[in-house]
$ cat target00.txt   # compact mmCIF, C-alpha atoms
# COMPACT_ATOMS: atom_id res chain seq x y z
CA MET J 1 0.00 0.00 0.00
CA ALA J 2 1.24 3.49 -0.82
CA ASP J 3 2.02 5.90 1.97
CA SER J 4 -0.69 8.39 2.85
CA ALA J 5 1.31 11.55 2.28
CA SER J 6 2.20 10.78 -1.33
CA LEU J 7 -1.32 9.51 -2.06
CA GLN J 8 -2.73 12.70 -0.62
CA LYS J 9 -0.44 14.80 -2.76
CA ASP J 10 -1.32 12.81 -5.86
CA LEU J 11 -5.04 13.13 -5.19
CA SER J 12 -4.71 16.90 -4.98
CA ARG J 13 -2.96 16.78 -8.35
CA VAL J 14 -5.68 14.53 -9.77
CA SER J 15 -8.19 17.22 -8.82
CA LEU J 16 -6.25 19.50 -11.20
CA GLY J 17 -6.55 16.97 -13.99
CA ASP J 18 -3.08 15.47 -13.62
CA ARG J 19 -3.22 12.12 -15.44
CA VAL J 20 0.25 11.04 -14.39
CA ALA J 21 -0.66 11.47 -10.73
CA PHE J 22 -3.90 9.59 -11.39
CA GLN J 23 -2.01 6.66 -12.86
CA ARG J 24 0.29 6.65 -9.82
CA VAL J 25 -2.76 6.46 -7.54
CA TYR J 26 -4.09 3.56 -9.60
CA ARG J 27 -0.79 1.67 -9.55
CA ALA J 28 -0.39 2.13 -5.82
CA THR J 29 -3.90 1.14 -4.78
CA SER J 30 -5.68 -0.88 -7.48
CA ALA J 31 -4.55 -4.34 -6.31
CA HIS J 32 -5.73 -3.74 -2.78
CA LEU J 33 -9.00 -2.19 -3.94
CA PHE J 34 -9.57 -4.95 -6.49
CA GLY J 35 -9.11 -7.48 -3.68
CA VAL J 36 -11.82 -5.71 -1.68
CA ALA J 37 -14.21 -5.70 -4.67
CA VAL J 38 -13.56 -9.38 -5.53
CA ARG J 39 -14.21 -10.33 -1.91
CA ILE J 40 -17.61 -8.63 -1.94
CA LEU J 41 -18.73 -9.63 -5.42
CA ASN J 42 -17.12 -13.08 -5.64
CA ARG J 43 -16.90 -12.55 -9.40
CA ARG J 44 -13.89 -11.13 -11.21
CA ASP J 45 -15.82 -9.60 -14.11
CA LEU J 46 -18.15 -7.65 -11.85
CA ALA J 47 -15.26 -6.63 -9.61
CA GLU J 48 -13.44 -5.26 -12.68
CA ASP J 49 -16.49 -3.17 -13.54
CA ALA J 50 -16.78 -1.91 -9.97
CA LEU J 51 -13.09 -0.99 -9.89
CA GLN J 52 -13.36 0.80 -13.21
CA GLU J 53 -16.38 2.82 -12.09
CA ALA J 54 -14.73 3.63 -8.78
CA PHE J 55 -11.64 5.05 -10.47
CA VAL J 56 -13.64 7.06 -13.01
CA ASN J 57 -15.44 8.45 -9.98
CA VAL J 58 -12.09 9.24 -8.30
CA TRP J 59 -10.93 11.08 -11.42
CA HIS J 60 -14.00 13.30 -11.42
CA ASN J 61 -14.31 13.78 -7.67
CA ALA J 62 -10.76 13.93 -6.37
CA GLY J 63 -11.48 17.58 -5.54
CA SER J 64 -14.05 16.49 -2.98
CA TYR J 65 -11.51 14.44 -1.06
CA GLN J 66 -10.90 16.20 2.24
CA ALA J 67 -7.45 15.46 3.53
CA ALA J 68 -8.47 16.78 6.92
CA SER J 69 -11.35 14.37 7.45
CA SER J 70 -10.03 11.01 6.25
CA GLN J 71 -7.01 9.04 5.14
CA PRO J 72 -6.77 8.73 1.36
CA MET J 73 -6.94 4.91 1.49
CA THR J 74 -10.05 5.04 3.69
CA TRP J 75 -11.68 7.34 1.15
CA LEU J 76 -10.76 5.07 -1.77
CA ILE J 77 -11.93 1.91 0.02
CA ALA J 78 -15.28 3.57 0.74
CA ILE J 79 -15.75 4.43 -2.95
CA VAL J 80 -14.87 0.93 -4.13
CA ARG J 81 -17.05 -0.76 -1.51
CA ASN J 82 -20.00 1.43 -2.49
CA LYS J 83 -19.59 0.58 -6.18
CA ALA J 84 -19.20 -3.12 -5.35
CA LEU J 85 -22.30 -3.05 -3.14
CA ASP J 86 -24.27 -1.36 -5.96
CA HIS J 87 -23.22 -4.14 -8.33
CA LEU J 88 -24.04 -6.81 -5.79
CA ARG J 89 -27.56 -5.45 -5.41
CA ALA J 90 -28.10 -5.12 -9.13
CA GLN J 91 -26.87 -8.68 -9.51
CA GLN J 92 -29.16 -9.95 -6.78
CA ARG J 93 -32.18 -8.23 -8.30
CA HIS J 94 -31.28 -9.78 -11.63
CA THR J 95 -30.87 -13.24 -10.11
CA ALA J 96 -34.08 -12.95 -8.16
CA ASP J 97 -35.91 -12.01 -11.33
CA SER J 98 -34.51 -14.74 -13.52
CA ILE J 99 -34.23 -17.86 -11.43
CA ASP J 100 -36.01 -19.36 -8.54
CA GLU J 101 -33.38 -20.22 -6.02
CA THR J 102 -35.12 -23.29 -4.70
CA ASP J 103 -35.26 -26.75 -6.20
CA ASP J 104 -38.47 -28.44 -7.12
CA ASP J 105 -38.58 -30.12 -3.78
CA GLY J 106 -38.19 -26.79 -2.05
CA THR J 107 -34.61 -27.16 -0.79
CA THR J 108 -32.31 -24.19 -1.27
CA ILE J 109 -29.63 -24.59 -3.91
CA GLU J 110 -26.20 -24.25 -2.36
CA ILE J 111 -24.13 -21.78 -4.32
CA ALA J 112 -20.41 -22.49 -4.19
CA ASP J 113 -18.52 -19.78 -2.37
CA ASP J 114 -14.76 -20.13 -2.58
CA ARG J 115 -13.93 -16.92 -0.79
CA PRO J 116 -11.88 -17.13 2.37
CA ASN J 117 -13.84 -17.32 5.55
CA PRO J 118 -14.71 -13.77 6.66
CA MET J 119 -13.91 -14.64 10.26
CA GLN J 120 -10.41 -15.54 9.22
CA LEU J 121 -10.09 -12.18 7.44
CA LEU J 122 -11.31 -10.46 10.53
CA VAL J 123 -8.59 -12.05 12.61
CA GLN J 124 -5.96 -11.05 10.03
CA ALA J 125 -7.33 -7.52 9.72
CA THR J 126 -7.15 -6.90 13.40
CA GLU J 127 -3.72 -8.42 13.90
CA GLY J 128 -1.75 -5.96 15.97
CA LEU J 129 -4.40 -3.29 15.73
CA ARG J 130 -6.38 -1.57 18.43
CA ILE J 131 -9.53 -2.70 16.69
CA ARG J 132 -8.59 -6.30 17.49
CA GLY J 133 -9.11 -5.96 21.21
CA CYS J 134 -12.44 -4.32 20.49
CA MET J 135 -13.60 -7.02 18.06
CA GLU J 136 -12.60 -9.71 20.52
CA LYS J 137 -14.74 -8.13 23.20
CA LEU J 138 -17.84 -8.48 21.03
CA ASP J 139 -20.21 -11.43 21.37
CA PRO J 140 -19.35 -14.04 18.72
CA SER J 141 -22.74 -13.56 17.06
CA HIS J 142 -22.15 -9.81 16.81
CA ARG J 143 -18.65 -10.31 15.47
CA GLN J 144 -19.77 -12.82 12.86
CA SER J 145 -22.62 -10.63 11.67
CA LEU J 146 -20.29 -7.65 11.20
CA ALA J 147 -17.71 -9.73 9.34
CA LEU J 148 -20.25 -11.20 6.92
CA ALA J 149 -21.78 -7.80 6.22
CA TYR J 150 -18.45 -6.02 5.83
CA TYR J 151 -16.42 -8.51 3.80
CA HIS J 152 -19.16 -10.18 1.76
CA GLY J 153 -21.58 -7.28 1.53
CA LEU J 154 -24.41 -9.38 2.95
CA SER J 155 -27.72 -7.81 3.94
CA HIS J 156 -29.43 -8.41 7.27
CA SER J 157 -31.57 -11.18 5.80
CA GLU J 158 -28.60 -12.83 4.07
CA VAL J 159 -26.62 -12.80 7.31
CA ALA J 160 -29.68 -14.32 9.03
CA GLU J 161 -29.77 -17.06 6.40
CA GLN J 162 -26.06 -17.82 6.76
CA LEU J 163 -26.15 -17.94 10.53
CA ARG J 164 -29.57 -19.66 10.55
CA ALA J 165 -30.84 -17.05 12.96
CA PRO J 166 -34.01 -14.96 13.07
CA LEU J 167 -33.84 -11.68 11.12
CA GLY J 168 -34.77 -9.61 14.17
CA SER J 169 -31.87 -11.06 16.15
CA VAL J 170 -29.38 -10.36 13.36
CA LYS J 171 -30.52 -6.74 13.10
CA ALA J 172 -30.00 -6.35 16.83
CA TRP J 173 -26.58 -8.08 16.69
CA VAL J 174 -25.39 -5.76 13.93
CA ARG J 175 -26.64 -2.68 15.72
CA ARG J 176 -25.18 -3.63 19.09
CA GLY J 177 -21.98 -4.86 17.52
CA LEU J 178 -21.46 -1.48 15.85
CA GLU J 179 -22.36 0.44 19.00
CA ARG J 180 -19.96 -1.54 21.16
CA LEU J 181 -17.20 -1.38 18.60
CA LYS J 182 -17.48 2.40 18.52
CA LYS J 183 -17.51 2.73 22.30
CA CYS J 184 -14.51 0.46 22.62
CA LEU J 185 -12.51 2.30 19.94
CA GLU J 186 -13.33 5.62 21.55
CA ALA J 187 -12.29 4.36 24.98
CA ALA J 188 -9.05 3.06 23.51
CA GLY J 189 -8.44 6.58 22.19
CA MET F 1 -37.87 10.42 11.15
CA ASN F 2 -36.18 13.14 13.11
CA TYR F 3 -32.74 13.44 11.55
CA ASP F 4 -31.68 16.05 14.09
CA ARG F 5 -31.04 13.32 16.64
CA PRO F 6 -27.29 12.69 16.48
CA GLU F 7 -27.64 9.08 17.67
CA LEU F 8 -30.03 8.30 14.82
CA LEU F 9 -27.67 9.88 12.27
CA ASP F 10 -24.80 7.88 13.74
CA LYS F 11 -26.75 4.61 13.62
CA LEU F 12 -27.76 5.21 9.98
CA ALA F 13 -24.18 6.19 9.11
CA SER F 14 -22.79 3.03 10.70
CA GLU F 15 -25.14 0.73 8.77
CA TYR F 16 -24.59 2.74 5.60
CA VAL F 17 -20.82 2.18 5.80
CA LEU F 18 -21.19 -1.46 6.87
CA GLY F 19 -23.49 -1.93 3.88
CA THR F 20 -26.55 -3.21 5.71
CA LEU F 21 -28.57 -0.05 5.03
CA ARG F 22 -30.31 -1.01 1.80
CA GLY F 23 -32.76 0.05 -0.86
CA ARG F 24 -34.76 3.21 -0.42
CA ALA F 25 -33.36 3.81 3.06
CA ARG F 26 -29.84 3.86 1.56
CA ARG F 27 -30.84 6.33 -1.17
CA ARG F 28 -32.59 8.55 1.39
CA PHE F 29 -29.50 8.56 3.55
CA GLU F 30 -27.28 9.43 0.57
CA GLN F 31 -29.56 12.41 -0.03
CA LEU F 32 -29.16 13.35 3.63
CA MET F 33 -25.37 13.17 3.30
CA ARG F 34 -25.52 15.78 0.56
CA THR F 35 -27.57 18.21 2.62
CA ARG F 36 -26.38 17.62 6.19
CA PRO F 37 -22.73 17.99 7.07
CA ALA F 38 -23.42 16.10 10.33
CA ALA F 39 -24.49 13.02 8.34
CA LEU F 40 -21.42 13.21 6.13
CA SER F 41 -19.04 13.57 9.05
CA ALA F 42 -20.69 10.61 10.82
CA VAL F 43 -20.09 8.58 7.64
CA HIS F 44 -16.45 9.66 7.51
CA ALA F 45 -15.96 8.61 11.13
CA TRP F 46 -17.42 5.16 10.39
CA GLU F 47 -15.39 4.77 7.22
CA ASP F 48 -12.36 5.44 9.34
CA ARG F 49 -13.39 2.87 11.97
CA LEU F 50 -14.41 0.07 9.62
CA GLY F 51 -11.84 0.84 6.93
CA ARG F 52 -9.23 -0.84 9.11
CA LEU F 53 -11.00 -4.15 8.54
CA ALA F 54 -10.25 -3.93 4.81
CA ALA F 55 -6.52 -4.04 5.48
CA ALA F 56 -6.61 -7.85 5.72
CA VAL F 57 -8.03 -8.45 2.27
CA ALA F 58 -5.35 -9.98 0.05
CA PRO F 59 -4.47 -7.73 -2.88
CA ILE F 60 -5.27 -9.07 -6.35
CA LYS F 61 -3.68 -7.40 -9.35
CA PRO F 62 -6.45 -6.33 -11.72
CA PRO F 63 -5.93 -7.17 -15.42
CA ASP F 64 -4.46 -4.41 -17.60
CA ARG F 65 -7.74 -3.98 -19.46
CA VAL F 66 -9.22 -2.29 -16.38
CA TRP F 67 -6.74 0.58 -16.56
CA ALA F 68 -7.20 0.78 -20.34
CA ALA F 69 -10.96 1.10 -19.85
CA ILE F 70 -10.56 3.76 -17.15
CA ASP F 71 -8.10 5.69 -19.29
CA ALA F 72 -10.53 5.60 -22.21
CA ARG F 73 -13.46 6.68 -20.04
CA ILE F 74 -11.74 9.74 -18.65
CA GLY F 75 -11.31 10.92 -22.21
CA ALA F 76 -7.71 10.03 -22.91
CA PRO F 77 -6.81 10.63 -26.52
CA PRO F 78 -3.97 8.53 -28.01
CA LYS F 79 -0.58 9.44 -26.54
CA VAL F 80 0.79 11.53 -29.43
CA ALA F 81 -2.43 13.43 -29.99
CA GLN F 82 -2.66 14.01 -26.28
CA ALA F 83 0.63 15.82 -26.08
CA LYS F 84 -0.33 17.94 -29.04
CA SER F 85 -3.75 18.92 -27.80
CA SER F 86 -2.61 19.66 -24.28
CA TRP F 87 0.05 21.98 -25.67
CA LEU F 88 -2.58 23.80 -27.70
CA ASP F 89 -5.00 23.84 -24.80
CA TRP F 90 -2.68 25.67 -22.52
CA LEU F 91 -1.43 27.87 -25.27
CA LYS F 92 -4.91 29.15 -26.06
CA PRO F 93 -5.42 31.46 -23.08
CA VAL F 94 -1.88 32.69 -23.38
CA ALA F 95 -2.27 33.30 -27.09
CA GLY F 96 -5.50 35.17 -26.34
CA PHE F 97 -3.80 37.22 -23.70
CA ALA F 98 -0.83 37.94 -25.91
CA PHE F 99 -3.12 38.89 -28.79
CA GLY F 100 -5.05 41.26 -26.52
CA THR F 101 -1.83 42.81 -25.41
CA PHE F 102 -0.65 43.02 -29.00
CA LEU F 103 -3.81 44.94 -29.88
CA THR F 104 -3.23 47.22 -26.93
CA VAL F 105 0.35 47.80 -27.91
CA GLY F 106 -0.84 48.47 -31.46
CA LEU F 107 -3.30 51.05 -30.20
CA VAL F 108 -0.67 52.61 -28.03
CA LEU F 109 1.65 52.97 -30.98
CA ASN F 110 -1.03 54.45 -33.19
CA ARG F 111 -2.64 56.64 -30.58
CA PRO F 112 0.21 57.49 -28.24
CA GLY F 113 -1.70 60.28 -26.57
CA THR F 114 -4.44 57.98 -25.27
CA PHE F 115 -2.24 55.76 -23.16
CA VAL F 116 0.39 57.02 -20.86
CA THR F 117 1.06 54.22 -18.42
CA VAL F 118 2.28 51.43 -20.66
CA ASP F 119 5.88 50.33 -20.37
CA GLU F 120 7.72 52.37 -22.95
CA VAL F 121 10.35 49.75 -23.48
CA ALA F 122 7.69 47.25 -24.39
CA GLN F 123 6.15 49.81 -26.74
CA SER F 124 9.29 50.49 -28.58
CA LYS F 125 10.11 46.81 -28.94
CA GLN F 126 6.51 45.89 -29.76
CA ALA F 127 6.93 43.00 -27.36
CA LEU F 128 5.86 42.19 -23.85
CA PRO F 129 8.47 42.27 -21.12
CA GLN F 130 9.79 38.84 -20.20
CA SER F 131 7.24 37.63 -17.67
CA TYR F 132 5.66 34.66 -16.01
CA VAL F 133 1.91 34.54 -16.54
CA GLY F 134 -0.64 32.27 -14.92
CA LEU F 135 -4.30 32.06 -15.87
CA LEU F 136 -6.36 30.30 -13.22
CA LEU F 137 -9.77 28.83 -13.95
CA ASN F 138 -12.56 28.00 -11.54
CA ASP F 139 -14.37 24.63 -11.33
CA ALA F 140 -16.63 25.65 -14.20
CA GLY F 141 -13.57 26.30 -16.37
CA GLU F 142 -14.08 30.08 -16.39
CA PRO F 143 -10.98 32.29 -16.35
CA THR F 144 -10.96 33.78 -12.85
CA LEU F 145 -7.50 35.02 -11.91
CA LEU F 146 -4.66 36.37 -13.99
CA ALA F 147 -1.32 36.31 -12.20
CA SER F 148 1.72 37.94 -13.74
CA SER F 149 5.20 38.93 -12.76
CA THR F 150 8.20 40.15 -14.68
CA ARG F 151 10.97 37.59 -14.98
CA GLN F 152 13.36 39.20 -12.50
CA GLY F 153 10.65 40.94 -10.47
CA LYS F 154 9.69 40.23 -6.88
CA LYS F 155 6.08 41.36 -7.16
CA LEU F 156 3.17 39.35 -8.46
CA THR F 157 0.19 41.22 -9.88
CA VAL F 158 -3.09 39.39 -9.51
CA LYS F 159 -6.04 40.52 -11.54
CA PHE F 160 -9.51 39.24 -10.73
CA LEU F 161 -11.49 38.44 -13.86
CA ARG F 162 -14.40 37.17 -11.81
CA ALA F 163 -15.42 37.63 -8.17
CA VAL F 164 -14.25 34.96 -5.74
CA ASP F 165 -15.88 34.54 -2.35
CA PRO F 166 -13.38 33.13 0.14
CA GLY F 167 -16.19 32.63 2.71
CA GLY F 168 -14.18 33.87 5.66
CA LYS F 169 -11.03 31.97 4.65
CA VAL F 170 -7.92 33.17 2.88
CA LEU F 171 -7.14 32.58 -0.79
CA GLN F 172 -3.81 30.82 -0.69
CA LEU F 173 -1.86 30.73 -3.95
CA TRP F 174 0.31 27.64 -4.58
CA ALA F 175 2.98 26.86 -7.12
CA LEU F 176 2.90 23.27 -8.40
CA PRO F 177 6.39 22.42 -9.59
CA LYS F 178 7.13 19.73 -12.20
CA GLU F 179 8.70 17.62 -9.49
CA GLY F 180 7.91 17.69 -5.80
CA ALA F 181 5.20 19.06 -3.59
CA PRO F 182 3.26 22.31 -4.05
CA PHE F 183 4.75 25.31 -2.25
CA PRO F 184 2.92 28.41 -1.00
CA VAL F 185 3.44 31.60 -3.03
CA GLY F 186 1.33 34.01 -1.02
CA VAL F 187 -2.14 35.08 -0.05
CA VAL F 188 -4.30 36.74 -2.68
CA THR F 189 -6.44 39.60 -1.38
CA PRO F 190 -9.93 39.34 -2.83
CA ALA F 191 -10.81 42.25 -5.10
CA LYS F 192 -13.63 43.27 -7.40
CA PRO F 193 -13.36 41.85 -10.89
CA ALA F 194 -11.14 43.75 -13.26
CA SER F 195 -9.12 45.28 -10.43
CA SER F 196 -5.69 44.06 -9.43
CA THR F 197 -3.81 43.46 -6.24
CA THR F 198 -0.10 42.95 -5.74
CA LEU F 199 1.68 40.49 -3.54
CA GLU F 200 5.31 40.41 -2.56
CA LEU F 201 7.30 37.34 -3.57
CA ARG F 202 10.04 35.96 -1.38
CA ASP F 203 12.37 35.73 -4.37
CA THR F 204 12.42 36.66 -8.05
CA SER F 205 9.85 35.07 -10.36
CA GLU F 206 12.66 33.44 -12.26
CA LYS F 207 13.84 31.57 -9.17
CA LEU F 208 10.34 30.67 -7.95
CA PHE F 209 8.56 29.77 -11.18
CA PHE F 210 11.28 28.47 -13.46
CA ASN F 211 10.12 24.86 -12.94
CA VAL F 212 6.49 25.58 -12.20
CA PRO F 213 4.01 24.61 -14.92
CA ARG F 214 0.89 25.19 -12.82
CA LEU F 215 -0.55 27.51 -10.19
CA ALA F 216 -3.53 26.86 -7.95
CA VAL F 217 -5.54 28.46 -5.17
CA SER F 218 -6.99 26.72 -2.11
CA LEU F 219 -9.06 28.10 0.77
CA GLU F 220 -7.14 28.04 4.03
CA ASP F 221 -7.92 29.12 7.57
CA ALA F 222 -4.64 31.01 7.74
CA PRO F 223 -1.83 31.88 5.33
CA ALA F 224 0.27 28.80 4.62
CA ALA F 225 3.73 28.70 6.15
CA ALA F 226 6.76 27.57 4.16
CA GLY F 227 6.67 23.79 3.81
CA ALA F 228 2.89 23.61 4.40
CA GLN F 229 0.60 21.66 2.07
CA PRO F 230 -2.92 22.52 0.86
CA SER F 231 -5.50 21.40 3.43
CA GLY F 232 -8.32 21.00 0.93
CA PRO F 233 -9.15 20.89 -2.77
CA PHE F 234 -8.03 23.64 -5.12
CA VAL F 235 -10.79 26.08 -5.99
CA LEU F 236 -8.84 27.65 -8.85
CA SER F 237 -6.06 26.26 -10.97
CA GLY F 238 -4.31 26.83 -14.26
CA HIS F 239 -1.11 26.84 -16.26
CA CYS F 240 1.85 29.04 -15.52
CA VAL F 241 3.87 29.97 -18.60
CA LYS F 242 6.92 31.95 -19.59
CA LEU F 243 6.06 34.84 -21.84
CA TRP F 244 9.22 34.94 -23.91

$ encode --input "target00.txt" --output "structure tokens"
Amino acid sequence: MADSASLQKDLSRVSLGDRVAFQRVYRATSAHLFGVAVRILNRRDLAEDALQEAFVNVWHNAGSYQAASSQPMTWLIAIVRNKALDHLRAQQRHTADSIDETDDDGTTIEIADDRPNPMQLLVQATEGLRIRGCMEKLDPSHRQSLALAYYHGLSHSEVAEQLRAPLGSVKAWVRRGLERLKKCLEAAG
Amino acid sequence: MNYDRPELLDKLASEYVLGTLRGRARRRFEQLMRTRPAALSAVHAWEDRLGRLAAAVAPIKPPDRVWAAIDARIGAPPKVAQAKSSWLDWLKPVAGFAFGTFLTVGLVLNRPGTFVTVDEVAQSKQALPQSYVGLLLNDAGEPTLLASSTRQGKKLTVKFLRAVDPGGKVLQLWALPKEGAPFPVGVVTPAKPASSTTLELRDTSEKLFFNVPRLAVSLEDAPAAAGAQPSGPFVLSGHCVKLW
């Protein structure tokens, strides 16, 4: 990952229409951002589209990046995740329209998912970070719900399906998980 | 829903960033982000908190076609044509300026009694003094500031072509060198369009701008100290050229 200071400088140049700086931003960040998009979409072709749209967006909106309010990588990740989530939803609407996801006998078709386990990612992500202590303090159900939603872009009802839990409980787990995470991070300073 | 309650905004922001805020609720919240700074700053805080989780995702190099597609979509002409058109693009305002000046000089020569303040050396040579000139455009691409300084001079004249509202901040002028970080040039005092202000340079134009192809203006809380970097986006920017 590129260092924040040079990314910040390049983004301010991109806002002036500097293509060379834009290419530097792409080179420094695209692999990481593509990884994030692939993880959410679980399809390379859609992830490529999401990445492309995200960077076109960056080109046009680099001027709106506020160095004071967020790290450049945080800003870029947010853009890519939003594009990936848009694609995921469009894809789900499309799938829901075109095929019935249950077999004739009513059992749900299992769709192969070869992505790494989100819980494993969570452990890796928090390695050596303050956020780790905070994630560990969460109830396992809260932690799992957050990981599935964040890494795989799952909705409340999809998380409920995965964890075989009632929708109402999952909504509460997500909400409490987020609240406690925030409190813990704030307490940690 | 009462969006003035900070805890509600924070809850919506957290689920927006996590991705569990869906459908119409998501669109409504995006609308809210555009109109309420509190909603946007709550989102930024959550992006900062949850963004750390993305650090674990293994990088995957995207295929080259992705960059090619991006490059095409941002309107990149083929490499050779690009160099040519960008040269012409930045030459246009300068050519216009030079032509205007040429007309003025022409008038001065033909009607010497009408103008008394024009540099006589320039008149006699029918050429502009060696100068650095910057034409800065606003976001809409409209010429807004004209900055000029003679090559060995230590004063920069800034002419406002259009009103600029700094909204309580200062208009900080930056030089963007070919290599390296932007450096502060000085603070531009807002003035009514068509009038000029002057700012003192810390060295001659030649020393400061020799390697500077672009100038830009950002809004700052206070004048930037040497070594400082712009805190926000540039509100004006444009090419800086040598007029000789």

$ residues_around --input "target00.txt" --residues "stretch 19-21 of chain F" --least-positions-apart "5" --cutoff "10 Å" --atoms "all atoms listed in the file" --output "JSON, numbers by chain"
{"J": [81, 82, 85, 86, 146, 149, 150, 151, 152, 153, 154, 155, 156, 157, 158, 159, 171, 174], "F": [11, 12, 13, 14, 26, 27, 29]}

$ interface_residues --input "target00.txt" --of "chain F" --to "chain J" --cutoff "8 Å" --atoms "all atoms listed in the file" --output "PyMOL selection string"
chain F and resi 11+14-15+17-22+41+44+47-49+51-62+66-67+69-70+73-74+181+231-234+237

$ residues_near_point --input "target00.txt" --point "(6.4, 35.4, -17.4)" --cutoff "8 Å" --atoms "only C-alpha atoms" --output "PyMOL selection string"
chain F and resi 130-133+148-151+205+241-244

$ atom_distance --input "target00.txt" --atom1 "atom CA of F:Asp221" --atom2 "atom CA of F:Gly186"
13.5 Å

$ atom_distance --input "target00.txt" --atom1 "atom CA of J:Ser4" --atom2 "atom CA of J:Arg24"
12.8 Å

$ closest_residue --input "target00.txt" --among "J:Leu7, J:Pro72, J:Arg143, J:Cys134" --to "J:Gly177" --atoms "all atoms listed in the file"
J:Arg143

$ atom_distance --input "target00.txt" --atom1 "atom CA of F:Ala228" --atom2 "atom CA of F:Thr204"
20.4 Å

$ closest_residue --input "target00.txt" --among "F:Asn211, F:Gln229, F:Ser218, F:Gln31" --to "F:Glu179" --atoms "only C-alpha atoms"
F:Asn211

$ residues_around --input "target00.txt" --residues "F:Leu215" --least-positions-apart "6" --cutoff "7 Å" --atoms "only C-alpha atoms" --output "number ranges by chain"
F: 134, 174-176, 237-240
